>>> print(open('protein04.cif').read())   # mmCIF, C-alpha atoms
data_coords
#
loop_
_atom_site.label_atom_id
_atom_site.label_comp_id
_atom_site.auth_asym_id
_atom_site.auth_seq_id
_atom_site.Cartn_x
_atom_site.Cartn_y
_atom_site.Cartn_z
CA MET A 1 137.72 120.51 83.36
CA LYS A 2 139.78 117.81 85.07
CA SER A 3 138.10 114.42 85.13
CA MET A 4 138.79 111.88 87.86
CA ASN A 5 137.71 108.79 85.94
CA TYR A 6 136.21 108.08 82.53
CA ILE A 7 134.90 105.44 80.13
CA LYS A 8 134.35 105.29 76.37
CA VAL A 9 132.03 102.70 74.83
CA GLU A 10 131.25 102.24 71.16
CA PHE A 11 128.46 100.02 69.82
CA PRO A 12 126.23 99.62 66.74
CA SER A 13 122.82 101.33 66.80
CA SER A 14 120.96 98.09 67.40
CA SER A 15 118.07 98.39 69.86
CA VAL A 16 119.30 95.48 71.99
CA ASN A 17 122.12 97.83 73.02
CA GLU A 18 119.72 100.24 74.77
CA SER A 19 119.70 98.21 77.96
CA PHE A 20 123.44 97.56 77.63
CA ALA A 21 124.20 101.30 77.39
CA ARG A 22 122.02 102.37 80.34
CA ASN A 23 123.38 99.58 82.53
CA VAL A 24 127.00 100.49 81.68
CA ALA A 25 126.23 104.13 82.57
CA GLY A 26 124.58 102.99 85.80
CA CYS A 27 127.57 100.82 86.76
CA PHE A 28 129.97 103.70 86.09
CA ALA A 29 127.81 106.13 88.08
CA ALA A 30 127.79 103.75 91.07
CA GLN A 31 131.22 105.04 92.24
CA LEU A 32 129.51 108.36 93.13
CA ASP A 33 127.29 106.50 95.61
CA PRO A 34 124.00 107.61 94.08
CA THR A 35 120.61 106.85 95.63
CA LEU A 36 118.40 104.35 93.82
CA GLU A 37 116.37 107.30 92.54
CA GLU A 38 119.44 109.13 91.16
CA LEU A 39 120.63 105.91 89.51
CA GLY A 40 117.19 105.42 87.93
CA ASP A 41 117.24 109.00 86.61
CA ILE A 42 120.66 108.51 84.99
CA LYS A 43 119.71 105.19 83.39
CA THR A 44 116.49 106.69 82.05
CA ALA A 45 118.25 109.71 80.52
CA VAL A 46 120.85 107.45 78.85
CA SER A 47 118.12 105.17 77.53
CA GLU A 48 116.38 108.16 75.91
CA ALA A 49 119.58 109.53 74.34
CA VAL A 50 120.66 106.15 72.95
CA THR A 51 117.14 105.37 71.67
CA ASN A 52 117.21 108.69 69.79
CA CYS A 53 120.39 107.56 67.98
CA ILE A 54 118.84 104.21 67.10
CA VAL A 55 115.45 105.55 65.94
CA HIS A 56 116.33 108.95 64.46
CA ALA A 57 120.06 109.27 63.74
CA TYR A 58 120.25 106.03 61.76
CA PRO A 59 116.65 105.45 60.59
CA ASP A 60 117.39 102.73 58.03
CA LYS A 61 120.87 101.45 58.74
CA LEU A 62 123.11 100.46 61.63
CA GLY A 63 125.53 103.21 62.55
CA VAL A 64 128.02 103.76 65.35
CA VAL A 65 126.98 105.17 68.73
CA LEU A 66 129.72 106.47 71.02
CA MET A 67 128.99 106.87 74.70
CA LYS A 68 131.45 108.61 76.98
CA ALA A 69 131.09 109.15 80.70
CA ARG A 70 133.36 110.93 83.14
CA ILE A 71 133.47 112.04 86.72
CA LEU A 72 133.92 115.77 87.20
CA PRO A 73 134.66 117.68 90.42
CA GLU A 74 131.88 118.18 92.97
CA ASN A 75 130.53 114.64 92.55
CA THR A 76 129.28 115.40 89.04
CA LEU A 77 128.69 112.82 86.33
CA GLU A 78 128.91 113.81 82.67
CA ILE A 79 127.56 111.57 79.92
CA VAL A 80 128.06 112.21 76.21
CA VAL A 81 126.10 110.27 73.58
CA LYS A 82 127.34 110.87 70.06
CA ASP A 83 126.32 109.65 66.61
CA LYS A 84 127.32 110.37 63.02
CA GLY A 85 123.78 110.09 61.71
CA VAL A 86 121.35 112.38 59.90
CA GLY A 87 121.42 115.19 62.47
CA ILE A 88 118.54 117.30 63.75
CA ALA A 89 117.22 120.06 61.46
CA ASP A 90 115.53 122.07 64.23
CA ILE A 91 116.86 121.33 67.73
CA ASN A 92 114.35 123.58 69.53
CA LYS A 93 111.48 121.80 67.80
CA ALA A 94 112.96 118.38 68.66
CA ARG A 95 113.20 119.36 72.34
CA GLU A 96 109.51 120.32 72.53
CA PRO A 97 107.34 117.90 74.54
CA MET A 98 105.16 115.62 72.40
CA PHE A 99 107.05 116.48 69.20
CA THR A 100 108.26 113.42 67.32
CA THR A 101 108.99 112.30 63.80
CA GLY A 102 108.77 108.69 64.97
CA GLY A 103 105.01 108.17 64.49
CA ASP A 104 102.75 106.70 67.17
CA GLU A 105 105.42 104.25 68.31
CA ARG A 106 107.26 107.14 69.96
CA SER A 107 105.90 109.56 72.55
CA GLY A 108 108.00 112.63 71.76
CA MET A 109 109.00 112.88 75.43
CA GLY A 110 112.66 111.81 75.16
CA PHE A 111 114.31 115.23 75.51
CA THR A 112 111.72 116.33 78.10
CA ILE A 113 112.69 113.36 80.26
CA MET A 114 116.44 113.95 79.77
CA GLU A 115 115.93 117.60 80.80
CA SER A 116 113.88 116.82 83.89
CA PHE A 117 116.16 113.99 85.08
CA MET A 118 119.54 115.65 84.48
CA ASP A 119 120.82 119.05 85.70
CA LYS A 120 122.10 120.11 82.27
CA VAL A 121 121.40 118.85 78.73
CA LYS A 122 123.26 120.31 75.77
CA VAL A 123 122.47 119.26 72.19
CA ARG A 124 124.75 120.02 69.24
CA SER A 125 123.77 118.81 65.81
CA THR A 126 124.70 119.35 62.18
CA ALA A 127 122.36 118.11 59.44
CA GLY A 128 124.02 115.18 57.68
CA LYS A 129 126.93 115.05 60.14
CA GLY A 130 125.46 113.83 63.40
CA THR A 131 124.36 114.78 66.89
CA THR A 132 126.08 115.05 70.27
CA VAL A 133 124.07 115.12 73.50
CA THR A 134 125.98 116.12 76.64
CA MET A 135 124.28 115.65 80.01
CA ARG A 136 125.43 116.43 83.53
CA ARG A 137 124.06 115.41 86.89
CA ARG A 138 125.45 116.21 90.29
CA ILE A 139 125.08 113.39 92.78
CA ILE A 140 124.29 114.55 96.30
CA CYS A 141 126.94 113.45 98.82
CA ARG A 142 125.36 111.46 101.61
CA LYS A 143 126.80 111.54 105.11
CA GLN A 144 127.83 108.27 106.67
CA VAL A 145 125.74 107.14 109.61
CA LYS A 146 128.00 106.42 112.58
CA MET B 1 109.68 91.71 79.23
CA LYS B 2 106.44 89.81 79.84
CA VAL B 3 102.79 90.66 79.12
CA PHE B 4 100.10 88.77 81.06
CA CYS B 5 96.35 89.26 80.91
CA GLU B 6 93.54 88.68 83.43
CA LYS B 7 89.89 89.03 82.39
CA LYS B 8 86.86 89.45 84.63
CA ASN B 9 83.40 90.94 83.96
CA GLY B 10 84.40 93.05 80.95
CA ARG B 11 87.50 94.33 82.71
CA MET B 12 90.91 93.38 81.38
CA ARG B 13 94.03 93.75 83.47
CA ILE B 14 97.31 93.72 81.56
CA LEU B 15 100.27 92.92 83.79
CA LEU B 16 103.58 94.19 82.48
CA SER B 17 106.83 92.95 84.00
CA GLY B 18 110.52 93.39 83.27
CA GLU B 19 112.16 96.30 81.42
CA LEU B 20 110.00 98.33 79.03
CA ASP B 21 112.14 100.19 76.50
CA HIS B 22 112.15 100.87 72.74
CA ASN B 23 113.65 97.43 72.05
CA VAL B 24 110.54 95.62 73.33
CA ALA B 25 107.87 98.35 72.92
CA ARG B 26 106.68 97.28 69.47
CA GLY B 27 106.09 93.70 70.66
CA VAL B 28 104.25 94.92 73.77
CA MET B 29 102.04 97.21 71.66
CA SER B 30 101.05 94.45 69.25
CA SER B 31 100.34 92.04 72.16
CA ILE B 32 98.06 94.64 73.79
CA ASP B 33 96.39 95.49 70.46
CA ALA B 34 95.63 91.80 69.88
CA LEU B 35 94.24 91.38 73.43
CA ILE B 36 91.92 94.37 73.04
CA ASP B 37 90.69 93.24 69.61
CA GLU B 38 90.09 89.72 70.87
CA ASN B 39 88.30 90.60 74.12
CA LEU B 40 86.81 94.06 73.44
CA PRO B 41 86.87 94.94 77.17
CA ARG B 42 84.98 97.92 78.61
CA GLU B 43 87.90 98.71 80.88
CA CYS B 44 91.58 98.07 80.33
CA ILE B 45 93.99 98.40 83.26
CA LEU B 46 97.70 98.63 82.58
CA ASP B 47 99.27 97.15 85.71
CA MET B 48 102.88 98.35 85.89
CA GLY B 49 103.69 96.84 89.29
CA GLY B 50 106.15 94.36 87.78
CA LEU B 51 108.24 96.83 85.81
CA SER B 52 111.88 97.18 86.89
CA PHE B 53 112.59 99.88 84.26
CA MET B 54 110.60 102.02 81.87
CA ASP B 55 111.54 104.92 79.60
CA SER B 56 109.43 107.13 77.28
CA SER B 57 108.63 104.04 75.19
CA GLY B 58 106.22 103.15 78.01
CA ILE B 59 104.41 106.46 77.51
CA ALA B 60 103.87 105.59 73.85
CA VAL B 61 102.48 102.18 74.93
CA ILE B 62 100.02 103.85 77.35
CA LEU B 63 98.89 106.48 74.81
CA ARG B 64 98.39 103.90 72.10
CA THR B 65 96.43 101.59 74.42
CA ASN B 66 94.28 104.56 75.48
CA LYS B 67 93.56 105.46 71.84
CA HIS B 68 92.69 101.87 70.96
CA MET B 69 90.36 101.57 73.97
CA THR B 70 88.68 104.91 73.12
CA ASP B 71 88.15 103.62 69.57
CA VAL B 72 86.31 100.56 70.90
CA GLY B 73 84.32 102.65 73.39
CA GLY B 74 86.21 101.68 76.53
CA ARG B 75 88.39 103.27 79.21
CA THR B 76 92.04 102.85 80.24
CA TRP B 77 94.03 103.67 83.33
CA VAL B 78 97.38 102.75 84.89
CA GLU B 79 97.75 100.99 88.25
CA ASN B 80 100.55 100.00 90.67
CA CYS B 81 103.10 102.30 89.10
CA GLU B 82 106.02 103.12 91.42
CA GLY B 83 109.65 104.21 91.64
CA GLN B 84 111.52 104.97 88.43
CA ALA B 85 108.54 104.22 86.13
CA LEU B 86 106.34 106.62 88.12
CA ARG B 87 108.98 109.36 87.86
CA VAL B 88 108.94 108.97 84.07
CA LEU B 89 105.14 109.26 83.93
CA ASP B 90 105.19 112.28 86.27
CA ALA B 91 107.86 114.04 84.19
CA ALA B 92 105.77 113.51 81.08
CA GLY B 93 102.57 114.72 82.80
CA ILE B 94 100.65 111.76 81.39
CA ASP B 95 98.06 112.16 84.16
CA ARG B 96 96.38 114.81 81.99
CA VAL B 97 95.44 112.10 79.47
CA VAL B 98 95.35 108.80 81.35
CA LYS B 99 94.80 108.39 85.12
CA VAL B 100 97.77 106.92 86.99
CA TYR B 101 97.34 105.19 90.34
CA SER B 102 100.53 104.45 92.27
CA LYS B 103 100.98 101.59 94.75
#
>>> encode(input="protein04.cif", output="structure tokens")
Amino acid sequence: MKSMNYIKVEFPSSSVNESFARNVAGCFAAQLDPTLEELGDIKTAVSEAVTNCIVHAYPDKLGVVLMKARILPENTLEIVVKDKGVGIADINKAREPMFTTGGDERSGMGFTIMESFMDKVKVRSTAGKGTTVTMRRRIICRKQVK
Amino acid sequence: MKVFCEKKNGRMRILLSGELDHNVARGVMSSIDALIDENLPRECILDMGGLSFMDSSGIAVILRTNKHMTDVGGRTWVENCEGQALRVLDAAGIDRVVKVYSK
């Protein structure tokens, strides 16, 4: 699919980068003229995906997180968050609400929130190789008031 | 991220402001734990009116506070939640466990 614009950002899986990543995604999404609510949804979904890399993909070391975003036709934003961490053994289990391996510091709602805030969420993972989360959200075109 | 506390007649209001994500969640949890242990309130209100961002880390904070308050025989609810933070709580359906009052 032809993309109109794109970014690629790479950063270590340090938790200070969570706010950096969601704000970069929000700034990039701004060109689609989203509402405040749409912008909030995108930033939340990115925050969840990046937090998963930091908490689960690299549990006891700093690894590399790659975030890509691009604009697709029909005012659609695609965001890819990729790591080369431990991978997910059972993706369906991981996507279940309230399921977490992160103890009582995590709610187990990360994927549920990504799914309810984005139109499409695709997860590909290989144990020991890493995980790629691809999310898409179409931004509604608003008519200009004359 | 800031955590303030107001106490009155056995009721403790915890005012959260700023961005609540995984990076700050552990610190927020231990602040709230310490406040509950120190004051042993009957009611603990999590006031989210000052939050400019919250992700699922906030849900973990609410659930943990609720568990801690139940352990000491008290109650917890959320007040002044709005906008993006409210959408996160709605998506998670947290209302089934802890009452959420919006602005």
>>> resolve_selection(input="protein04.cif", expression="the PyMOL selection byres ((chain B) within 9 of (chain A))", output="PyMOL selection string")
chain B and resi 19+21-26+29+53-61+63-64+83-85+87-88+91-92
>>> resolve_selection(input="protein04.cif", expression="the PyMOL selection byres ((chain A and resi 130) around 8)", output="list in words")
Ala57, Lys82, Asp83, Lys84, Gly85, Val86, Gly87, Ile88, Ser125, Thr126, Ala127, Gly128, Lys129, Thr131 and Thr132 of chain A
>>> residues_around(input="protein04.cif", residues="Asp37 (chain B)", least_positions_apart="5", cutoff="10 Å", atoms="all atoms listed in the file", output="list in words")
Ile32, His68, Met69 and Val72 of chain B
>>> resolve_selection(input="protein04.cif", expression="the PyMOL selection byres ((chain B and resi 97) around 10)", output="PyMOL selection string")
chain B and resi 62-63+66+76-77+93-96+98-100
>>> closest_residue(input="protein04.cif", among="B:Ile14, B:Cys81, B:Glu43, B:Arg75", to="Val28 (chain B)", atoms="all atoms listed in the file")
B:Ile14
>>> atom_distance(input="protein04.cif", atom1="CA of Met118 (chain A)", atom2="CA of Arg138 (chain A)")
8.3 Å
>>> atom_distance(input="protein04.cif", atom1="CA of Val65 (chain A)", atom2="CA of Lys93 (chain A)")
22.8 Å
>>> closest_residue(input="protein04.cif", among="A:Met135, A:Leu32, A:Val64, A:Ile42", to="Glu78 (chain A)", atoms="only C-alpha atoms")
A:Met135
>>> atom_distance(input="protein04.cif", atom1="CA of Tyr101 (chain B)", atom2="CA of Leu51 (chain B)")
14.5 Å
>>> residues_around(input="protein04.cif", residues="Arg70 (chain A)", least_positions_apart="3", cutoff="6 Å", atoms="all atoms listed in the file", output="VMD selection string")
chain A and resid 5 to 6 77 to 78
>>> closest_residue(input="protein04.cif", among="A:Val123, A:Thr35, A:His56, A:Val81", to="Phe11 (chain A)", atoms="all atoms listed in the file")
A:Val81
>>> closest_residue(input="protein04.cif", among="B:Asn9, B:Ser30, B:Thr65, B:Asn80", to="Arg42 (chain B)", atoms="all atoms listed in the file")
B:Asn9
>>> closest_residue(input="protein04.cif", among="A:Ile140, A:Ala89, A:Ala21, A:Val80", to="Asp33 (chain A)", atoms="only C-alpha atoms")
A:Ile140
>>> residues_near_point(input="protein04.cif", point="(94.9, 93.5, 81.7)", cutoff="10 Å", atoms="only C-alpha atoms", output="compact mmCIF listing (two decimals) with C-alpha atoms, keeping the file's coordinate frame")
# COMPACT_ATOMS: atom_id res chain seq x y z
CA VAL B 3 102.79 90.66 79.12
CA PHE B 4 100.10 88.77 81.06
CA CYS B 5 96.35 89.26 80.91
CA GLU B 6 93.54 88.68 83.43
CA LYS B 7 89.89 89.03 82.39
CA LYS B 8 86.86 89.45 84.63
CA ARG B 11 87.50 94.33 82.71
CA MET B 12 90.91 93.38 81.38
CA ARG B 13 94.03 93.75 83.47
CA ILE B 14 97.31 93.72 81.56
CA LEU B 15 100.27 92.92 83.79
CA LEU B 16 103.58 94.19 82.48
CA ILE B 32 98.06 94.64 73.79
CA LEU B 35 94.24 91.38 73.43
CA ILE B 36 91.92 94.37 73.04
CA PRO B 41 86.87 94.94 77.17
CA GLU B 43 87.90 98.71 80.88
CA CYS B 44 91.58 98.07 80.33
CA ILE B 45 93.99 98.40 83.26
CA LEU B 46 97.70 98.63 82.58
CA ASP B 47 99.27 97.15 85.71
CA THR B 76 92.04 102.85 80.24
>>> closest_residue(input="protein04.cif", among="A:Cys53, A:Leu62, A:Val24, A:Leu72", to="Met1 (chain A)", atoms="all atoms listed in the file")
A:Leu72
>>> residues_around(input="protein04.cif", residues="Lys68 (chain A)", least_positions_apart="6", cutoff="6 Å", atoms="all atoms listed in the file", output="number ranges by chain")
A: 7-8, 79-80
>>> axis_aligned_box(input="protein04.cif", around="region 78-96 of chain A", padding_each_side="3 Å", output="JSON")
{"center_x": 119.2, "center_y": 116.6, "center_z": 71.3, "size_x": 25.4, "size_y": 19.9, "size_z": 28.8}
